[in-house]
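Engineer: As input, take work.cif (mmCIF, C-alpha atoms and all ligand atoms):
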```cif
data_entry
#
loop_
_atom_site.group_PDB
_atom_site.id
_atom_site.type_symbol
_atom_site.label_atom_id
_atom_site.label_comp_id
_atom_site.auth_asym_id
_atom_site.auth_seq_id
_atom_site.Cartn_x
_atom_site.Cartn_y
_atom_site.Cartn_z
ATOM 1 C CA MET B 1050 -32.497 41.686 -25.957
ATOM 2 C CA ARG B 1051 -33.134 38.331 -27.604
ATOM 3 C CA VAL B 1052 -29.486 37.384 -27.285
ATOM 4 C CA VAL B 1053 -29.608 38.091 -23.564
ATOM 5 C CA THR B 1054 -32.684 35.861 -23.146
ATOM 6 C CA VAL B 1055 -30.985 33.032 -24.963
ATOM 7 C CA VAL B 1056 -27.927 33.385 -22.768
ATOM 8 C CA ILE B 1057 -30.054 33.380 -19.629
ATOM 9 C CA LEU B 1058 -32.013 30.345 -20.844
ATOM 10 C CA LEU B 1059 -28.784 28.522 -21.562
ATOM 11 C CA PHE B 1060 -27.573 29.363 -18.109
ATOM 12 C CA PHE B 1061 -30.687 27.876 -16.513
ATOM 13 C CA CYS B 1062 -30.497 24.721 -18.590
ATOM 14 C CA LYS B 1063 -26.877 24.259 -17.583
ATOM 15 C CA ALA B 1064 -27.694 24.750 -13.902
ATOM 16 C CA ALA B 1065 -30.566 22.245 -14.038
ATOM 17 C CA GLU B 1066 -28.316 19.730 -15.758
ATOM 18 C CA LEU B 1067 -25.672 20.108 -13.114
ATOM 19 C CA ARG B 1068 -28.179 19.602 -10.348
ATOM 20 C CA LYS B 1069 -29.528 16.474 -12.046
ATOM 21 C CA ALA B 1070 -26.082 15.048 -12.603
ATOM 22 C CA SER B 1071 -25.027 15.164 -8.973
ATOM 23 C CA PRO B 1072 -27.031 13.047 -6.565
ATOM 24 C CA GLY B 1073 -24.460 13.733 -3.855
ATOM 25 C CA GLY B 1074 -24.025 17.345 -4.870
ATOM 26 C CA SER B 1075 -21.384 18.225 -2.341
ATOM 27 C CA ARG B 1076 -19.355 15.152 -3.151
ATOM 28 C CA SER B 1077 -19.006 15.981 -6.820
ATOM 29 C CA ARG B 1078 -18.008 19.514 -5.989
ATOM 30 C CA MET B 1079 -15.293 18.333 -3.695
ATOM 31 C CA ASN B 1080 -14.043 15.895 -6.252
ATOM 32 C CA HIS B 1081 -14.024 18.483 -8.939
ATOM 33 C CA GLY B 1082 -10.294 18.838 -9.333
ATOM 34 C CA ARG B 1083 -9.710 15.114 -9.474
ATOM 35 C CA ALA B 1084 -12.769 14.027 -11.379
ATOM 36 C CA GLY B 1085 -10.810 13.221 -14.528
ATOM 37 C CA GLY B 1086 -8.930 10.432 -12.865
ATOM 38 C CA SER B 1087 -11.810 8.955 -10.955
ATOM 39 C CA ARG B 1088 -14.251 8.814 -13.808
ATOM 40 C CA ARG B 1089 -12.079 6.932 -16.198
ATOM 41 C CA GLY B 1090 -13.503 3.484 -15.540
ATOM 42 C CA SER B 1091 -17.162 2.605 -15.391
ATOM 43 C CA ASN B 1092 -16.636 1.638 -11.783
ATOM 44 C CA PRO B 1093 -18.640 3.995 -9.551
ATOM 45 C CA VAL B 1094 -16.340 3.483 -6.568
ATOM 46 C CA LYS B 1095 -14.754 6.789 -5.735
ATOM 47 C CA ARG B 1096 -10.997 6.829 -6.026
ATOM 48 C CA TYR B 1097 -10.253 10.133 -4.412
ATOM 49 C CA ALA B 1098 -12.310 11.953 -1.858
ATOM 50 C CA PRO B 1099 -10.381 14.423 0.254
ATOM 51 C CA GLY B 1100 -12.433 15.989 2.998
ATOM 52 C CA LEU B 1101 -15.185 13.408 2.880
ATOM 53 C CA PRO B 1102 -16.067 11.598 6.077
ATOM 54 C CA CYS B 1103 -14.638 8.135 6.325
ATOM 55 C CA GLU B 1104 -16.855 5.168 5.621
ATOM 56 C CA VAL B 1105 -17.691 2.563 8.219
ATOM 57 C CA TYR B 1106 -19.230 -0.671 6.965
ATOM 58 C CA THR B 1107 -19.639 -4.295 7.855
ATOM 59 C CA TYR B 1108 -18.565 -7.048 5.511
ATOM 60 C CA LEU B 1109 -18.893 -10.722 6.399
ATOM 61 C CA HIS B 1110 -19.656 -9.745 10.007
ATOM 62 C CA GLU B 1111 -16.465 -7.704 10.358
ATOM 63 C CA LYS B 1112 -16.428 -3.965 10.815
ATOM 64 C CA TYR B 1113 -14.280 -1.873 8.471
ATOM 65 C CA LEU B 1114 -13.253 1.742 8.404
ATOM 66 C CA ASP B 1115 -12.367 2.997 4.950
ATOM 67 C CA CYS B 1116 -10.495 6.246 5.264
ATOM 68 C CA GLN B 1117 -8.260 5.959 2.230
ATOM 69 C CA GLU B 1118 -7.121 9.041 0.328
ATOM 70 C CA ARG B 1119 -8.438 11.630 2.773
ATOM 71 C CA LYS B 1120 -5.208 13.612 3.360
ATOM 72 C CA LEU B 1121 -5.268 12.408 6.942
ATOM 73 C CA VAL B 1122 -2.307 13.148 9.146
ATOM 74 C CA TYR B 1123 -3.611 11.525 12.279
ATOM 75 C CA VAL B 1124 -6.070 8.934 13.570
ATOM 76 C CA LEU B 1125 -9.339 10.633 14.451
ATOM 77 C CA PRO B 1126 -10.736 10.236 17.966
ATOM 78 C CA ASP B 1127 -14.362 9.630 16.970
ATOM 79 C CA TRP B 1128 -13.852 6.451 14.986
ATOM 80 C CA PRO B 1129 -15.753 3.462 16.417
ATOM 81 C CA GLN B 1130 -13.652 1.482 18.835
ATOM 82 C CA ASP B 1131 -14.868 -1.934 17.691
ATOM 83 C CA LEU B 1132 -13.295 -1.757 14.242
ATOM 84 C CA LEU B 1133 -11.597 -4.896 12.988
ATOM 85 C CA HIS B 1134 -10.061 -3.429 9.861
ATOM 86 C CA MET B 1135 -8.702 0.039 9.354
ATOM 87 C CA LEU B 1136 -7.911 1.158 5.800
ATOM 88 C CA LEU B 1137 -5.767 4.271 5.866
ATOM 89 C CA ALA B 1138 -3.819 3.888 2.642
ATOM 90 C CA ARG B 1139 -2.811 6.917 0.587
ATOM 91 C CA ASN B 1140 -2.949 9.559 3.280
ATOM 92 C CA LYS B 1141 -0.337 11.949 4.653
ATOM 93 C CA ILE B 1142 0.528 10.345 7.962
ATOM 94 C CA ARG B 1143 4.172 11.056 8.852
ATOM 95 C CA ILE B 1144 4.632 9.806 12.389
ATOM 96 C CA LEU B 1145 3.083 6.895 14.233
ATOM 97 C CA LYS B 1146 2.935 8.184 17.774
ATOM 98 C CA ASN B 1147 2.925 6.184 20.963
ATOM 99 C CA LYS B 1148 -0.463 4.597 21.731
ATOM 100 C CA MET B 1149 -1.968 6.124 18.610
ATOM 101 C CA PHE B 1150 -4.153 3.064 18.002
ATOM 102 C CA SER B 1151 -4.608 1.903 21.577
ATOM 103 C CA LYS B 1152 -8.388 2.536 21.589
ATOM 104 C CA PHE B 1153 -8.878 0.024 18.787
ATOM 105 C CA LYS B 1154 -8.212 -3.101 20.771
ATOM 106 C CA ARG B 1155 -10.010 -5.451 18.414
ATOM 107 C CA LEU B 1156 -8.131 -4.402 15.323
ATOM 108 C CA LYS B 1157 -7.033 -7.311 13.119
ATOM 109 C CA SER B 1158 -5.650 -5.401 10.169
ATOM 110 C CA LEU B 1159 -4.167 -1.985 9.731
ATOM 111 C CA ASP B 1160 -3.386 -0.687 6.254
ATOM 112 C CA LEU B 1161 -0.999 2.277 6.287
ATOM 113 C CA GLN B 1162 0.557 1.809 2.867
ATOM 114 C CA GLN B 1163 1.352 4.842 0.695
ATOM 115 C CA ASN B 1164 1.582 7.383 3.472
ATOM 116 C CA GLU B 1165 4.622 9.497 4.352
ATOM 117 C CA ILE B 1166 5.608 7.661 7.497
ATOM 118 C CA SER B 1167 9.218 8.235 8.466
ATOM 119 C CA LYS B 1168 9.052 7.620 12.200
ATOM 120 C CA ILE B 1169 7.394 4.939 14.291
ATOM 121 C CA GLU B 1170 7.607 5.540 18.021
ATOM 122 C CA SER B 1171 8.384 2.525 20.155
ATOM 123 C CA GLU B 1172 4.856 2.190 21.600
ATOM 124 C CA ALA B 1173 2.981 3.123 18.437
ATOM 125 C CA PHE B 1174 1.245 -0.254 18.278
ATOM 126 C CA PHE B 1175 0.460 -0.421 21.979
ATOM 127 C CA GLY B 1176 -2.787 -2.297 22.658
ATOM 128 C CA LEU B 1177 -2.999 -4.037 19.296
ATOM 129 C CA ASN B 1178 -2.693 -7.535 20.647
ATOM 130 C CA LYS B 1179 -5.164 -8.934 18.113
ATOM 131 C CA LEU B 1180 -3.413 -7.438 15.106
ATOM 132 C CA THR B 1181 -2.442 -9.998 12.476
ATOM 133 C CA THR B 1182 -1.842 -7.824 9.436
ATOM 134 C CA LEU B 1183 0.122 -4.603 9.146
ATOM 135 C CA LEU B 1184 0.833 -2.884 5.833
ATOM 136 C CA LEU B 1185 3.603 -0.300 5.867
ATOM 137 C CA GLN B 1186 4.860 -0.532 2.298
ATOM 138 C CA HIS B 1187 5.443 2.576 0.160
ATOM 139 C CA ASN B 1188 6.462 4.858 3.028
ATOM 140 C CA GLN B 1189 9.626 6.669 4.131
ATOM 141 C CA ILE B 1190 10.789 4.469 6.996
ATOM 142 C CA LYS B 1191 14.557 4.144 7.314
ATOM 143 C CA VAL B 1192 15.037 2.366 10.601
ATOM 144 C CA LEU B 1193 12.843 0.174 12.761
ATOM 145 C CA THR B 1194 13.559 -2.175 15.640
ATOM 146 C CA GLU B 1195 11.862 -5.324 16.827
ATOM 147 C CA GLU B 1196 10.778 -3.478 19.955
ATOM 148 C CA VAL B 1197 7.789 -1.866 18.217
ATOM 149 C CA PHE B 1198 6.309 -5.306 17.574
ATOM 150 C CA ILE B 1199 6.290 -6.365 21.226
ATOM 151 C CA PHE B 1200 2.670 -5.235 21.384
ATOM 152 C CA THR B 1201 1.549 -7.280 18.395
ATOM 153 C CA PRO B 1202 2.190 -10.917 19.315
ATOM 154 C CA LEU B 1203 -0.199 -12.259 16.654
ATOM 155 C CA LEU B 1204 1.318 -10.354 13.761
ATOM 156 C CA SER B 1205 1.719 -12.792 10.897
ATOM 157 C CA TYR B 1206 1.597 -10.600 7.837
ATOM 158 C CA LEU B 1207 3.820 -7.537 7.601
ATOM 159 C CA ARG B 1208 4.630 -5.551 4.466
ATOM 160 C CA LEU B 1209 7.692 -3.297 4.566
ATOM 161 C CA TYR B 1210 8.861 -2.972 0.971
ATOM 162 C CA ASP B 1211 9.444 0.311 -0.824
ATOM 163 C CA ASN B 1212 10.827 2.074 2.212
ATOM 164 C CA PRO B 1213 14.357 3.524 2.107
ATOM 165 C CA TRP B 1214 15.791 1.098 4.670
ATOM 166 C CA HIS B 1215 19.117 2.018 6.234
ATOM 167 C CA CYS B 1216 20.649 -1.325 6.940
ATOM 168 C CA THR B 1217 22.809 -0.490 9.899
ATOM 169 C CA CYS B 1218 23.460 -2.157 13.221
ATOM 170 C CA GLU B 1219 20.339 -0.533 14.630
ATOM 171 C CA MET B 1220 18.235 -2.726 12.374
ATOM 172 C CA GLU B 1221 19.727 -5.953 13.647
ATOM 173 C CA THR B 1222 16.834 -6.959 15.913
ATOM 174 C CA LEU B 1223 14.224 -6.371 13.230
ATOM 175 C CA ILE B 1224 16.229 -8.226 10.607
ATOM 176 C CA SER B 1225 16.706 -11.233 12.869
ATOM 177 C CA MET B 1226 12.983 -11.244 13.596
ATOM 178 C CA LEU B 1227 12.193 -11.348 9.875
ATOM 179 C CA GLN B 1228 14.551 -14.259 9.418
ATOM 180 C CA ILE B 1229 12.905 -16.599 11.906
ATOM 181 C CA PRO B 1230 11.504 -19.378 9.687
ATOM 182 C CA ARG B 1231 7.990 -19.228 11.110
ATOM 183 C CA ASN B 1232 7.775 -15.526 10.210
ATOM 184 C CA ARG B 1233 7.608 -16.280 6.521
ATOM 185 C CA ASN B 1234 5.155 -13.490 5.747
ATOM 186 C CA LEU B 1235 6.974 -10.734 7.556
ATOM 187 C CA GLY B 1236 8.910 -8.178 5.548
ATOM 188 C CA ASN B 1237 9.178 -10.006 2.228
ATOM 189 C CA TYR B 1238 10.757 -8.023 -0.640
ATOM 190 C CA ALA B 1239 11.939 -5.185 1.590
ATOM 191 C CA LYS B 1240 15.381 -4.044 0.491
ATOM 192 C CA CYS B 1241 18.129 -1.818 1.827
ATOM 193 C CA GLU B 1242 18.555 1.593 0.288
ATOM 194 C CA ARG B 1243 21.767 2.325 2.184
ATOM 195 C CA PRO B 1244 24.630 1.792 2.776
ATOM 196 C CA GLN B 1245 25.819 1.546 -0.785
ATOM 197 C CA ASP B 1246 27.348 -1.921 -0.282
ATOM 198 C CA LEU B 1247 24.026 -3.361 0.805
ATOM 199 C CA LYS B 1248 21.827 -1.495 -1.629
ATOM 200 C CA ASN B 1249 19.032 -3.668 -2.997
ATOM 201 C CA LYS B 1250 19.887 -6.550 -0.660
ATOM 202 C CA LYS B 1251 16.812 -8.061 0.875
ATOM 203 C CA LEU B 1252 16.316 -7.522 4.596
ATOM 204 C CA ARG B 1253 15.462 -11.171 4.968
ATOM 205 C CA GLN B 1254 18.819 -12.224 3.527
ATOM 206 C CA ILE B 1255 21.298 -9.979 5.314
ATOM 207 C CA LYS B 1256 23.585 -11.399 7.953
ATOM 208 C CA SER B 1257 24.056 -9.469 11.151
ATOM 209 C CA GLU B 1258 27.859 -9.231 10.640
ATOM 210 C CA GLN B 1259 27.246 -7.360 7.401
ATOM 211 C CA LEU B 1260 25.014 -4.855 9.162
ATOM 212 C CA CYS B 1261 27.325 -3.906 11.927
ATOM 213 C CA ASN B 1262 30.418 -3.633 9.730
ATOM 214 C CA GLU B 1263 28.688 -1.384 7.305
ATOM 215 C CA GLU B 1264 27.655 1.034 9.966
ATOM 216 C CA GLU B 1265 31.286 1.732 10.890
ATOM 217 C CA ARG B 1266 32.134 2.296 7.289
ATOM 218 C CA GLU B 1267 29.230 4.677 6.839
ATOM 219 C CA GLN B 1268 30.220 6.781 9.801
ATOM 220 C CA LEU B 1269 33.734 7.163 8.449
ATOM 221 C CA ASP B 1270 32.402 8.195 5.115
ATOM 222 C CA PRO B 1271 29.142 10.039 5.622
ATOM 223 C CA LYS B 1272 27.324 10.724 2.404
ATOM 224 C CA PRO B 1273 25.488 13.996 1.956
ATOM 225 C CA GLN B 1274 21.841 13.554 2.868
ATOM 226 C CA VAL B 1275 19.635 14.343 -0.063
ATOM 227 C CA SER B 1276 16.386 15.867 1.034
ATOM 228 C CA GLY B 1277 13.041 14.597 -0.160
ATOM 229 C CA ARG B 1278 12.253 11.158 -1.442
ATOM 230 C CA PRO B 1279 15.386 9.270 -2.405
ATOM 231 C CA PRO B 1280 15.363 7.975 -5.943
ATOM 232 C CA VAL B 1281 14.156 4.420 -5.755
ATOM 233 C CA ILE B 1282 15.687 2.305 -8.447
ATOM 234 C CA LYS B 1283 13.400 -0.553 -9.114
ATOM 235 C CA PRO B 1284 14.016 -3.705 -11.023
ATOM 236 C CA GLU B 1285 12.299 -3.734 -14.360
ATOM 237 C CA VAL B 1286 9.162 -5.592 -13.399
ATOM 238 C CA ASP B 1287 8.762 -6.319 -9.766
ATOM 239 C CA SER B 1288 5.446 -6.804 -8.020
ATOM 240 C CA THR B 1289 6.356 -4.149 -5.449
ATOM 241 C CA LEU B 1290 5.309 -1.565 -8.037
ATOM 242 C CA CYS B 1291 1.752 -2.717 -7.450
ATOM 243 C CA TYR B 1292 -0.591 -2.127 -4.555
ATOM 244 C CA ASN B 1293 -1.238 -5.046 -2.293
ATOM 245 C CA TYR B 1294 -4.513 -5.206 -0.410
ATOM 246 C CA VAL B 1295 -5.135 -7.892 2.130
ATOM 247 C CA PHE B 1296 -8.777 -7.388 3.071
ATOM 248 C CA PRO B 1297 -11.379 -8.449 2.186
ATOM 249 C CA ILE B 1298 -9.352 -10.633 -0.191
ATOM 250 C CA GLN B 1299 -5.672 -10.763 -1.061
ATOM 251 C CA THR B 1300 -5.415 -8.510 -4.079
ATOM 252 C CA LEU B 1301 -2.506 -7.252 -6.112
ATOM 253 C CA ASP B 1302 -3.508 -4.197 -8.101
ATOM 254 C CA CYS B 1303 -1.062 -3.596 -10.959
ATOM 255 C CA LYS B 1304 -3.446 -1.610 -13.081
ATOM 256 C CA ARG B 1305 -1.849 1.023 -15.381
ATOM 257 C CA LYS B 1306 1.764 0.422 -14.400
ATOM 258 C CA GLU B 1307 3.159 0.306 -17.933
ATOM 259 C CA LEU B 1308 4.234 -3.269 -17.331
ATOM 260 C CA LYS B 1309 5.648 -5.143 -20.297
ATOM 261 C CA LYS B 1310 5.752 -8.450 -18.444
ATOM 262 C CA VAL B 1311 3.952 -10.147 -15.628
ATOM 263 C CA PRO B 1312 5.857 -8.927 -12.538
ATOM 264 C CA ASN B 1313 8.178 -11.160 -10.557
ATOM 265 C CA ASN B 1314 7.730 -11.896 -6.890
ATOM 266 C CA ILE B 1315 3.961 -11.950 -6.852
ATOM 267 C CA PRO B 1316 3.151 -12.802 -3.236
ATOM 268 C CA PRO B 1317 2.110 -16.468 -3.328
ATOM 269 C CA ASP B 1318 -1.094 -15.879 -1.374
ATOM 270 C CA ILE B 1319 -2.622 -13.465 -3.901
ATOM 271 C CA VAL B 1320 -6.186 -14.398 -4.845
ATOM 272 C CA LYS B 1321 -7.019 -11.563 -7.217
ATOM 273 C CA LEU B 1322 -4.515 -10.125 -9.657
ATOM 274 C CA ASP B 1323 -5.352 -7.082 -11.744
ATOM 275 C CA LEU B 1324 -2.943 -6.562 -14.632
ATOM 276 C CA SER B 1325 -5.326 -4.544 -16.781
ATOM 277 C CA TYR B 1326 -4.193 -1.556 -18.871
ATOM 278 C CA ASN B 1327 -0.588 -2.590 -19.207
ATOM 279 C CA LYS B 1328 1.594 -3.525 -22.152
ATOM 280 C CA ILE B 1329 1.932 -7.213 -21.560
ATOM 281 C CA ASN B 1330 1.771 -8.835 -24.972
ATOM 282 C CA GLN B 1331 3.043 -12.296 -24.103
ATOM 283 C CA LEU B 1332 2.591 -14.769 -21.334
ATOM 284 C CA ARG B 1333 5.594 -16.945 -20.687
ATOM 285 C CA PRO B 1334 5.367 -20.584 -19.683
ATOM 286 C CA LYS B 1335 4.783 -21.185 -15.956
ATOM 287 C CA GLU B 1336 3.994 -17.505 -15.498
ATOM 288 C CA PHE B 1337 1.643 -18.068 -12.578
ATOM 289 C CA GLU B 1338 3.223 -21.220 -11.256
ATOM 290 C CA ASP B 1339 3.870 -19.937 -7.736
ATOM 291 C CA VAL B 1340 0.604 -18.106 -7.225
ATOM 292 C CA HIS B 1341 -1.291 -21.120 -5.993
ATOM 293 C CA GLU B 1342 -4.282 -19.278 -4.582
ATOM 294 C CA LEU B 1343 -4.992 -17.209 -7.690
ATOM 295 C CA LYS B 1344 -8.690 -17.204 -8.572
ATOM 296 C CA LYS B 1345 -9.202 -13.965 -10.525
ATOM 297 C CA LEU B 1346 -6.803 -12.691 -13.130
ATOM 298 C CA ASN B 1347 -7.573 -9.583 -15.142
ATOM 299 C CA LEU B 1348 -5.460 -9.087 -18.259
ATOM 300 C CA SER B 1349 -7.825 -6.805 -20.142
ATOM 301 C CA SER B 1350 -6.453 -3.958 -22.300
ATOM 302 C CA ASN B 1351 -2.971 -5.355 -22.782
ATOM 303 C CA GLY B 1352 -2.873 -6.374 -26.429
ATOM 304 C CA ILE B 1353 -1.906 -9.954 -25.781
ATOM 305 C CA GLU B 1354 -0.754 -11.585 -28.997
ATOM 306 C CA PHE B 1355 0.644 -14.854 -27.845
ATOM 307 C CA ILE B 1356 -0.018 -17.213 -24.964
ATOM 308 C CA ASP B 1357 2.236 -20.139 -24.392
ATOM 309 C CA PRO B 1358 0.020 -23.058 -23.342
ATOM 310 C CA GLY B 1359 2.109 -23.390 -20.181
ATOM 311 C CA PRO B 1360 1.103 -20.399 -18.010
ATOM 312 C CA MET B 1361 -2.436 -21.429 -17.229
ATOM 313 C CA ARG B 1362 -1.632 -24.942 -16.235
HETATM 314 C C1 LIG B 1401 -10.860 -6.118 -15.691
HETATM 315 O O1 LIG B 1401 -10.318 -4.812 -15.693
HETATM 316 C C2 LIG B 1401 -11.045 -3.874 -16.476
HETATM 317 C C3 LIG B 1401 -10.256 -2.600 -16.496
HETATM 318 O O2 LIG B 1401 -9.782 -2.242 -15.239
HETATM 319 C C4 LIG B 1401 -12.439 -3.715 -15.902
HETATM 320 O O3 LIG B 1401 -13.165 -2.819 -16.685
HETATM 321 C C5 LIG B 1401 -13.119 -5.074 -15.893
HETATM 322 O O4 LIG B 1401 -14.372 -4.959 -15.269
HETATM 323 C C6 LIG B 1401 -12.284 -6.099 -15.150
HETATM 324 N N1 LIG B 1401 -12.894 -7.417 -15.279
HETATM 325 C C7 LIG B 1401 -13.198 -8.184 -14.250
HETATM 326 C C8 LIG B 1401 -13.811 -9.493 -14.576
HETATM 327 O O5 LIG B 1401 -12.971 -7.862 -13.093
#
```
Show how you would write the structure in this file as structure tokens.
Structural biologist:
Amino acid sequence: MRVVTVVILLFFCKAAELRKASPGGSRSRMNHGRAGGSRRGSNPVKRYAPGLPCEVYTYLHEKYLDCQERKLVYVLPDWPQDLLHMLLARNKIRILKNKMFSKFKRLKSLDLQQNEISKIESEAFFGLNKLTTLLLQHNQIKVLTEEVFIFTPLLSYLRLYDNPWHCTCEMETLISMLQIPRNRNLGNYAKCERPQDLKNKKLRQIKSEQLCNEEEREQLDPKPQVSGRPPVIKPEVDSTLCYNYVFPIQTLDCKRKELKKVPNNIPPDIVKLDLSYNKINQLRPKEFEDVHELKKLNLSSNGIEFIDPGPMR
């Protein structure tokens, strides 16, 4: 009998503890499976929250929607129409359909990185004539034409890297658009995945003759299509491994990427660079020479042994 009482008492204590520990009870239950990852740092910001409603907030007089990591496959109809910034990173969106964003006429930035986008219909960005920033990196896009950007005349910042680009004749209009000198922040670091001859060539550096020749060759010699995500061979330390956030400030998040060196190709407009929890044990001279805007650099938990006096100059 006594044993049973003790067990029951223990049970009640446990239940009370649980109730105390969860101010947003439902939230912690939903997060249960992922809690290990999200609780690692002392930072209370939730990292994963599937099923939770999206957050709408105002920062410096601009309205944001934060709907990151919600397993979204589509844009929801009840989002406020006066949003200026839409954060939809790390969802499951596969297709950008015609006029999908047309209600959000004031939108200035749209972050769609780390989704599963493989198709963008030609009028997907219809109505976004205030859009300046579009993030499409880390997706599955193979082909895109300039046509889709007809609706975004103010676009000045476009991220396309880490997509399996098929550099064929079809891509010619997009590639020429990226190469116009004034478009210096459009499509940097994006590289071809196919055809084999153009693999790892940068979109911004390909000549149109190369594109159209290669297509003929590909058709003569079609390679078997491997299903699923193609293996992406990355250079040893390239900044495209990291996540790039544009709003509210230009941030490159390279936390926990097993980096042994400071990555190359850090976008020059980065203000905040997080290199914490890596394996960088040396800083080379002139390491941050091209990152003129850099104001915050986090190198904690790296085991740095040696700093050449050069890098910080
Ligand atoms: C640097 O990164 C570590 C680990 O991510 C974090 O705990 C710390 O608060 C950061 N420091 C600053 C000044 O942001």
Engineer: Counting all atoms listed in the file, which residues of region 1177-1273 of chain B sit at most 10 Å from some atom of region 1141-1145 of chain B, and what is each one's closest atom pair with its distance in Å to one decimal, listed by chain and rising residue number, as CSV?
Structural biologist:
```
residue,atom,partner,partner_atom,distance
B:Asn1188,CA,B:Arg1143,CA,8.8
B:Gln1189,CA,B:Arg1143,CA,8.4
B:Ile1190,CA,B:Arg1143,CA,9.5
```
Engineer: Of the candidates B:Asn1351, B:Asn1164, B:Asn1249, B:Gln1228, which one gets nearest to Asn1330 (chain B) if we count only C-alpha atoms?
Structural biologist: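 Closest to Asn1330 (chain B) of all the choices is B:Asn1351.
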Engineer: Could I get the residue neighbourhood of ligand LIG 1401 (chain B) at 6 Å, counting only C-alpha atoms and all ligand atoms, as a ChimeraX atom specification?
Structural biologist: /B:1325,1347,1349
Engineer: As an exercise, work out the distance from CA of Cys1116 (chain B) to CA of Tyr1294 (chain B) in Å and give it to one decimal place.
Structural biologist: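 Distance reported for this atom pair: 14.1 Å.
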Engineer: Report the distance between CA of Met1220 (chain B) and CA of Leu1185 (chain B) in Å, rounded to one decimal place.
Structural biologist: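 Between these atoms lies a distance of 16.2 Å.
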Engineer: For a quick check of understanding, using only C-alpha atoms, which of B:His1134, B:Lys1148, B:Arg1305, B:His1187 has the smallest distance to Glu1165 (chain B)?
Structural biologist: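 Checking each of B:His1134, B:Lys1148, B:Arg1305, B:His1187 against Glu1165 (chain B), counting only C-alpha atoms, the winner is B:His1187.
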Engineer: Using only C-alpha atoms, can you tell me which of B:Leu1223, B:Leu1290, B:Ile1229, B:Ile1353 comes closest to Asn1313 (chain B)?
Structural biologist: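 Using only C-alpha atoms, the shortest distance to Asn1313 (chain B) belongs to B:Leu1290.
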Engineer: Please indicate the distance in Å from CA of Ile1224 (chain B) to CA of Tyr1292 (chain B), rounded to one decimal place.
Structural biologist: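 Between CA of Ile1224 (chain B) and CA of Tyr1292 (chain B) the gap is 23.5 Å.
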Engineer: Find, counting all atoms listed in the file, the residue in B:Tyr1206, B:Phe1355, B:Phe1198, B:Phe1296 that gets nearest to Asp1115 (chain B).
Structural biologist: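 Under the stated criterion, the closest residue is B:Phe1296.
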Engineer: With all atoms listed in the file as the basis for distance, which of B:Phe1153, B:Ile1315, B:Glu1118, B:Asp1127 is at the shortest distance from Arg1139 (chain B)?
Structural biologist: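 Distance minimum relative to Arg1139 (chain B) lands on B:Glu1118.
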Engineer: Quick one: everything within 8 Å of Leu1156 (chain B), counting all atoms listed in the file, minus sequence neighbours fewer than 4 positions away in the same chain. Send it as a list in words.
Structural biologist: Asp1131, Leu1132, Leu1133, His1134, Met1135, Leu1177, Lys1179 and Leu1180 of chain B
